[in-house]
$ cat coords.txt   # compact mmCIF, N, CA and C atoms
# COMPACT_ATOMS: atom_id res chain seq x y z
N MET A 1 -33.96 1.46 -18.23
CA MET A 1 -33.96 1.71 -16.80
C MET A 1 -33.35 0.54 -16.03
N GLY A 2 -33.67 -0.68 -16.45
CA GLY A 2 -33.15 -1.87 -15.79
C GLY A 2 -31.64 -1.96 -15.91
N ALA A 3 -31.10 -1.58 -17.08
CA ALA A 3 -29.65 -1.63 -17.29
C ALA A 3 -28.94 -0.64 -16.37
N LEU A 4 -29.53 0.51 -16.19
CA LEU A 4 -28.95 1.53 -15.31
C LEU A 4 -28.93 1.02 -13.86
N PHE A 5 -30.02 0.39 -13.44
CA PHE A 5 -30.09 -0.17 -12.10
C PHE A 5 -29.05 -1.27 -11.90
N ARG A 6 -28.91 -2.16 -12.89
CA ARG A 6 -27.91 -3.24 -12.81
C ARG A 6 -26.49 -2.67 -12.74
N ALA A 7 -26.23 -1.63 -13.51
CA ALA A 7 -24.90 -1.01 -13.50
C ALA A 7 -24.61 -0.39 -12.14
N ALA A 8 -25.59 0.29 -11.56
CA ALA A 8 -25.42 0.90 -10.24
C ALA A 8 -25.23 -0.19 -9.18
N GLN A 9 -25.97 -1.26 -9.31
CA GLN A 9 -25.87 -2.37 -8.37
C GLN A 9 -24.48 -3.02 -8.45
N ALA A 10 -23.98 -3.20 -9.67
CA ALA A 10 -22.64 -3.78 -9.87
C ALA A 10 -21.57 -2.87 -9.29
N GLU A 11 -21.74 -1.57 -9.48
CA GLU A 11 -20.78 -0.60 -8.94
C GLU A 11 -20.78 -0.64 -7.41
N ASP A 12 -21.95 -0.72 -6.81
CA ASP A 12 -22.05 -0.80 -5.35
C ASP A 12 -21.41 -2.08 -4.83
N LEU A 13 -21.62 -3.19 -5.53
CA LEU A 13 -21.01 -4.45 -5.14
C LEU A 13 -19.50 -4.36 -5.22
N GLN A 14 -18.98 -3.76 -6.29
CA GLN A 14 -17.53 -3.62 -6.46
C GLN A 14 -16.94 -2.77 -5.33
N LYS A 15 -17.62 -1.70 -4.97
CA LYS A 15 -17.14 -0.85 -3.87
C LYS A 15 -17.12 -1.62 -2.55
N ALA A 16 -18.16 -2.41 -2.31
CA ALA A 16 -18.23 -3.20 -1.08
C ALA A 16 -17.10 -4.23 -1.05
N ILE A 17 -16.83 -4.84 -2.18
CA ILE A 17 -15.72 -5.81 -2.26
C ILE A 17 -14.39 -5.11 -2.02
N ASP A 18 -14.20 -3.95 -2.64
CA ASP A 18 -12.96 -3.19 -2.45
C ASP A 18 -12.74 -2.84 -0.98
N ILE A 19 -13.78 -2.38 -0.33
CA ILE A 19 -13.68 -2.01 1.09
C ILE A 19 -13.31 -3.24 1.92
N ARG A 20 -13.98 -4.36 1.65
CA ARG A 20 -13.69 -5.58 2.42
C ARG A 20 -12.26 -6.06 2.19
N LEU A 21 -11.78 -5.98 0.95
CA LEU A 21 -10.41 -6.38 0.67
C LEU A 21 -9.41 -5.50 1.40
N TRP A 22 -9.67 -4.20 1.47
CA TRP A 22 -8.77 -3.30 2.22
C TRP A 22 -8.81 -3.63 3.71
N GLU A 23 -10.00 -3.95 4.23
CA GLU A 23 -10.09 -4.33 5.64
C GLU A 23 -9.27 -5.59 5.91
N LEU A 24 -9.37 -6.57 5.02
CA LEU A 24 -8.59 -7.80 5.18
C LEU A 24 -7.09 -7.52 5.07
N PHE A 25 -6.71 -6.66 4.14
CA PHE A 25 -5.31 -6.29 3.98
C PHE A 25 -4.77 -5.64 5.26
N LEU A 26 -5.55 -4.73 5.83
CA LEU A 26 -5.12 -4.07 7.06
C LEU A 26 -5.01 -5.06 8.21
N GLU A 27 -5.94 -6.00 8.30
CA GLU A 27 -5.85 -7.04 9.34
C GLU A 27 -4.59 -7.88 9.14
N LEU A 28 -4.28 -8.19 7.91
CA LEU A 28 -3.06 -8.94 7.61
C LEU A 28 -1.83 -8.16 8.04
N ILE A 29 -1.80 -6.88 7.74
CA ILE A 29 -0.66 -6.03 8.12
C ILE A 29 -0.53 -5.98 9.64
N LYS A 30 -1.65 -5.83 10.34
CA LYS A 30 -1.61 -5.81 11.82
C LYS A 30 -1.06 -7.12 12.37
N THR A 31 -1.49 -8.23 11.78
CA THR A 31 -1.01 -9.53 12.23
C THR A 31 0.49 -9.68 11.98
N VAL A 32 0.93 -9.27 10.81
CA VAL A 32 2.37 -9.34 10.49
C VAL A 32 3.16 -8.47 11.47
N CYS A 33 2.64 -7.30 11.79
CA CYS A 33 3.31 -6.42 12.76
C CYS A 33 3.44 -7.11 14.11
N ARG A 34 2.39 -7.76 14.55
CA ARG A 34 2.43 -8.47 15.83
C ARG A 34 3.44 -9.61 15.79
N VAL A 35 3.41 -10.40 14.73
CA VAL A 35 4.29 -11.56 14.62
C VAL A 35 5.76 -11.14 14.61
N PHE A 36 6.06 -10.09 13.85
CA PHE A 36 7.45 -9.65 13.74
C PHE A 36 7.84 -8.58 14.75
N ARG A 37 6.89 -8.26 15.62
CA ARG A 37 7.12 -7.26 16.66
C ARG A 37 7.67 -5.95 16.07
N ARG A 38 6.97 -5.49 15.06
CA ARG A 38 7.30 -4.23 14.39
C ARG A 38 6.06 -3.34 14.43
N ASP A 39 6.28 -2.04 14.44
CA ASP A 39 5.11 -1.19 14.31
C ASP A 39 4.84 -0.95 12.82
N ILE A 40 3.71 -0.38 12.54
CA ILE A 40 3.27 -0.22 11.15
C ILE A 40 4.25 0.64 10.35
N ASP A 41 4.83 1.65 10.98
CA ASP A 41 5.77 2.52 10.26
C ASP A 41 7.01 1.74 9.83
N GLU A 42 7.53 0.90 10.73
CA GLU A 42 8.70 0.09 10.39
C GLU A 42 8.38 -0.89 9.26
N LEU A 43 7.22 -1.52 9.35
CA LEU A 43 6.82 -2.47 8.34
C LEU A 43 6.64 -1.80 6.98
N MET A 44 5.97 -0.66 6.97
CA MET A 44 5.76 0.05 5.70
C MET A 44 7.09 0.52 5.11
N GLU A 45 8.02 0.92 5.96
CA GLU A 45 9.33 1.32 5.47
C GLU A 45 10.04 0.13 4.81
N LEU A 46 9.96 -1.04 5.45
CA LEU A 46 10.56 -2.24 4.86
C LEU A 46 9.91 -2.58 3.52
N ILE A 47 8.60 -2.48 3.47
CA ILE A 47 7.87 -2.79 2.24
C ILE A 47 8.25 -1.80 1.14
N MET A 48 8.25 -0.52 1.46
CA MET A 48 8.49 0.50 0.44
C MET A 48 9.95 0.55 0.00
N ASN A 49 10.86 -0.02 0.79
CA ASN A 49 12.26 -0.08 0.39
C ASN A 49 12.54 -1.22 -0.58
N ASP A 50 11.59 -2.13 -0.72
CA ASP A 50 11.70 -3.20 -1.70
C ASP A 50 11.03 -2.70 -2.99
N PRO A 51 11.79 -2.55 -4.08
CA PRO A 51 11.22 -1.97 -5.31
C PRO A 51 9.97 -2.69 -5.83
N GLU A 52 9.96 -4.01 -5.80
CA GLU A 52 8.79 -4.75 -6.30
C GLU A 52 7.57 -4.52 -5.40
N MET A 53 7.79 -4.54 -4.09
CA MET A 53 6.68 -4.31 -3.16
C MET A 53 6.17 -2.87 -3.27
N ALA A 54 7.08 -1.93 -3.39
CA ALA A 54 6.68 -0.53 -3.54
C ALA A 54 5.83 -0.34 -4.79
N LYS A 55 6.24 -1.00 -5.87
CA LYS A 55 5.48 -0.93 -7.13
C LYS A 55 4.08 -1.50 -6.93
N TRP A 56 3.99 -2.63 -6.22
CA TRP A 56 2.70 -3.28 -5.98
C TRP A 56 1.78 -2.39 -5.14
N VAL A 57 2.32 -1.83 -4.06
CA VAL A 57 1.53 -0.96 -3.18
C VAL A 57 1.06 0.27 -3.94
N ASN A 58 1.96 0.88 -4.71
CA ASN A 58 1.57 2.06 -5.50
C ASN A 58 0.48 1.72 -6.49
N HIS A 59 0.57 0.55 -7.09
CA HIS A 59 -0.47 0.11 -8.04
C HIS A 59 -1.82 -0.02 -7.32
N LEU A 60 -1.82 -0.63 -6.15
CA LEU A 60 -3.07 -0.77 -5.39
C LEU A 60 -3.66 0.58 -5.04
N LEU A 61 -2.80 1.49 -4.61
CA LEU A 61 -3.28 2.81 -4.22
C LEU A 61 -3.79 3.60 -5.43
N GLU A 62 -3.16 3.45 -6.57
CA GLU A 62 -3.61 4.12 -7.79
C GLU A 62 -5.00 3.66 -8.18
N ILE A 63 -5.22 2.35 -8.14
CA ILE A 63 -6.52 1.80 -8.50
C ILE A 63 -7.59 2.36 -7.57
N SER A 64 -7.34 2.34 -6.28
CA SER A 64 -8.32 2.84 -5.31
C SER A 64 -8.59 4.31 -5.51
N TYR A 65 -7.53 5.09 -5.76
CA TYR A 65 -7.68 6.53 -5.94
C TYR A 65 -8.52 6.82 -7.21
N ARG A 66 -8.21 6.12 -8.30
CA ARG A 66 -8.95 6.35 -9.55
C ARG A 66 -10.42 6.01 -9.37
N GLN A 67 -10.71 4.95 -8.63
CA GLN A 67 -12.10 4.56 -8.44
C GLN A 67 -12.82 5.52 -7.50
N ALA A 68 -12.11 6.12 -6.59
CA ALA A 68 -12.74 7.04 -5.63
C ALA A 68 -13.07 8.37 -6.27
N VAL A 69 -12.33 8.74 -7.29
CA VAL A 69 -12.53 10.06 -7.93
C VAL A 69 -13.62 10.03 -8.94
$ encode --input "coords.txt" --output "structure tokens"
Amino acid sequence: MGALFRAAQAEDLQKAIDIRLWELFLELIKTVCRVFRRDIDELMELIMNDPEMAKWVNHLLEISYRQAV
């Protein structure tokens, strides 16, 4: 029973960390948009047009999607 509780607690902690990291990422994106005077659509287009950045973003989204399902 204790192992099950610890596993659930670890999973909850991981989800909380994931949510906080996404919040920080979004704040970073908003700040970059302000600094470069671009809207989010323009910035995302620039990011996704760079093959390495597109690969990184897709990887992040895959991880989040797999964990959510």
$ atom_distance --input "coords.txt" --atom1 "atom C of A:Thr31" --atom2 "atom CA of A:Met44"
12.7 Å
$ atom_distance --input "coords.txt" --atom1 "atom CA of A:Leu28" --atom2 "atom N of A:Gln9"
29.5 Å
$ closest_residue --input "coords.txt" --among "A:Trp22, A:Glu42, A:Glu27, A:Val32" --to "A:Leu61" --atoms "only C-alpha atoms"
A:Trp22
$ atom_distance --input "coords.txt" --atom1 "atom CA of A:Arg38" --atom2 "atom C of A:Glu62"
26.9 Å
